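A.B. asks: First, the structure itself, so that you have it in front of you.
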Amino acid sequence: MKNPKMIIFDVDGLLLNTEFLWRKAWKDVAAKYGVPKFGEVFCKVVGISGSDVERVLNNELSDVENRMELLDIARSVGTEYLENDIELMPGVNELLDVLENKNIRKAVATTTSRDSTIKRLTKLGLIDRFEYILCGDEVTKRKPNPEIYQKVLKAVNCDPNQVMVLEDTGYGVQAAHDAGIQVVMVPSINAPTNKDKENASYIKKSLYEVISMLEA
């Protein structure tokens, strides 16, 4: 698909550097409290939130009695990091400029809550660049369930065959794929798995490579 009619963006790790700040928070808490396994397990929760994170911790760190306390602390530390150090991922504004020049529509589908999403996109000057935003607290099932992408397609009245999704995690790639939408993976924290390679139409190293693909 050379020029889709719409591109739907994930936010965390794709538009914003939030995943990297969360990773720093988890590693800092792990070091401070002497539980290195806590920092290491972060790679397994990238792209999910809420009770899903707690489920992963219970599975992976069943022998760490204070795992939920560490999670609470990491959430507090991470929130502080996001207040102070949130930035755009490389190539965001350049990609949005290209899409606007090509009259390609733009939407957002994120697991993060609406309050946090609106606040962050507003702070970084992106809020007015998308025609539609759907957030994690506005769906029943989170990624990798395809519900969020199905709801976006319905809201914007766009054929899935005319849409492209940009995602950085396997959970997001799975959700878009199962919604019948072509998905381009731009990995952030975790390298693509074999399953990701099967589900994604393309895997690009950065948003600059996405620009090159669209302009080719």
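Following the order of the structure tokens, chains are lettered A, B, ..., residues in each are numbered from 1, and ligands are numbered from 1.
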Taking 2 positions as the minimum chain separation for residues in the same chain, which residues sit within 10 Å of region 13-24 of chain A when counting only C-alpha atoms? Answer as a compact mmCIF listing (two decimals) with C-alpha atoms, in the first residue's frame.
C.D. replies:
# COMPACT_ATOMS: atom_id res chain seq x y z
CA PHE A 9 -0.82 5.51 15.39
CA ASP A 10 -0.02 3.83 18.65
CA VAL A 11 1.36 6.34 21.17
CA TRP A 26 11.55 -0.08 36.69
CA LYS A 27 15.32 -0.49 36.52
CA ASP A 28 15.89 2.31 39.04
CA VAL A 29 13.40 0.76 41.49
CA ALA A 30 14.94 -2.68 40.96
CA GLY A 39 13.81 -4.58 36.28
CA GLU A 40 14.34 -7.50 33.94
CA VAL A 41 10.65 -8.38 33.74
CA PHE A 42 9.76 -4.97 32.29
CA CYS A 43 10.32 -6.29 28.77
CA VAL A 45 4.91 -5.79 30.16
CA VAL A 46 5.77 -3.36 27.35
CA GLY A 47 2.54 -2.55 25.54
CA ALA A 74 7.73 2.09 39.87
CA ARG A 75 4.42 3.58 38.74
CA VAL A 77 8.61 7.04 39.81
CA GLY A 78 7.64 6.54 36.17
CA THR A 79 4.86 9.09 36.39
CA GLU A 80 7.37 11.62 37.71
CA TYR A 81 9.77 10.84 34.87
CA LEU A 82 6.97 11.33 32.35
CA ASP A 85 11.28 14.04 30.53
CA ILE A 86 8.61 13.11 27.99
CA GLU A 87 9.69 13.73 24.39
CA LEU A 88 8.67 12.92 20.85
CA MET A 89 10.22 9.88 19.24
CA PRO A 90 12.56 10.72 16.33
CA GLY A 91 10.76 11.53 13.09
CA VAL A 92 7.27 12.16 14.50
CA ASN A 93 6.78 15.71 13.25
CA VAL A 108 -4.64 7.38 17.42
CA ARG A 120 0.80 14.28 26.83
CA LEU A 121 -0.21 14.92 23.23
CA LEU A 124 4.07 18.04 22.96
CA LEU A 126 0.38 16.89 18.73
CA LEU A 166 2.01 1.93 13.07
CA GLU A 167 2.88 -0.06 16.21
CA ASP A 168 5.99 -0.70 18.29
CA THR A 169 4.99 -3.79 20.29
CA MET A 185 6.10 -2.41 13.19
CA VAL A 186 8.65 0.12 14.41
CA PRO A 187 10.09 -1.72 17.45
CA SER A 188 11.00 0.25 20.57
CA ILE A 189 12.04 -1.80 23.62
CA SER A 206 12.46 4.21 12.73
CA LEU A 207 9.73 6.59 11.63
A.B. asks: Give me every helix (DSSP H, G or I) residue in region 38-193 of chain A, going by DSSP on the backbone, as number ranges by chain.
C.D. replies: A: 38-44, 51-60, 67-85, 92-101, 114-123, 127-129, 136-138, 147-156, 160-162, 170-178
A.B. asks: From the list A:Val163, A:Val35, A:Ile73, A:Ala107, which residue is nearest Tyr132 (chain A) when using only C-alpha atoms?
C.D. replies: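 That would be A:Ala107, the residue with the smallest distance to Tyr132 (chain A).
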A.B. asks: Write out as a count of residues only each polymer residue whose atoms come within 10 Å of Glu198 (chain A), counting only C-alpha atoms; drop sequence neighbours fewer than 6 positions from it.
C.D. replies: 4
A.B. asks: Got a sec to tell me which of region 64-153 of chain A DSSP assigns to strand (DSSP E), as a PyMOL selection string?
C.D. replies: chain A and resi 105-109+132-134
A.B. asks: Could you turn the residues from that selection into a file that holds C-alpha atoms, as a short mmCIF file (atom, residue, chain, number, x, y, z; two decimals), in the first residue's frame?
C.D. replies:
data_model
loop_
_atom_site.label_atom_id
_atom_site.label_comp_id
_atom_site.auth_asym_id
_atom_site.auth_seq_id
_atom_site.Cartn_x
_atom_site.Cartn_y
_atom_site.Cartn_z
CA ARG A 105 -5.90 11.04 7.49
CA LYS A 106 -4.49 10.37 10.97
CA ALA A 107 -5.90 8.75 14.10
CA VAL A 108 -4.64 7.38 17.42
CA ALA A 109 -5.34 4.04 19.14
CA TYR A 132 -9.73 10.89 16.07
CA ILE A 133 -8.27 9.47 19.31
CA LEU A 134 -9.37 6.27 21.04
#
A.B. asks: Show me, as an MDAnalysis selection string, the residues that have an atom within 7 Å of region 144-152 of chain A when counting only C-alpha atoms, minus same-chain residues fewer than 2 positions from it.
C.D. replies: chainID A and resid 109 134 139 141:142 154:156 171:172 174:176 178:179
A.B. asks: Nearest to Ile118 (chain A): which of A:Ala31, A:Cys135, A:Leu96, A:Met68 is it, counting only C-alpha atoms?
C.D. replies: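 Answer, going by the shortest atom-to-atom distance: A:Cys135.
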A.B. asks: Which distance in Å separates CA of Lys205 (chain A) and CA of Glu100 (chain A), to one decimal?
C.D. replies: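 The value is 22.1 Å.
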A.B. asks: As a list in words, please: the residues near Asn66 (chain A) (cut-off 12 Å, only C-alpha atoms, same-chain neighbours under 3 positions excluded).
C.D. replies: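 The neighbour list is Ala30, Tyr33, Gly34, Val35, Phe38, Leu57, Asn58, Leu61, Ser62, Asp63, Glu69, Leu70, Leu71, Asp72 and Ile73 of chain A.
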A.B. asks: So, counting only C-alpha atoms, which residue among A:Asn190, A:Thr111, A:Asn161, A:Asn103 is closest to Arg129 (chain A)?
C.D. replies: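 The answer is A:Asn103, which sits nearest to Arg129 (chain A).
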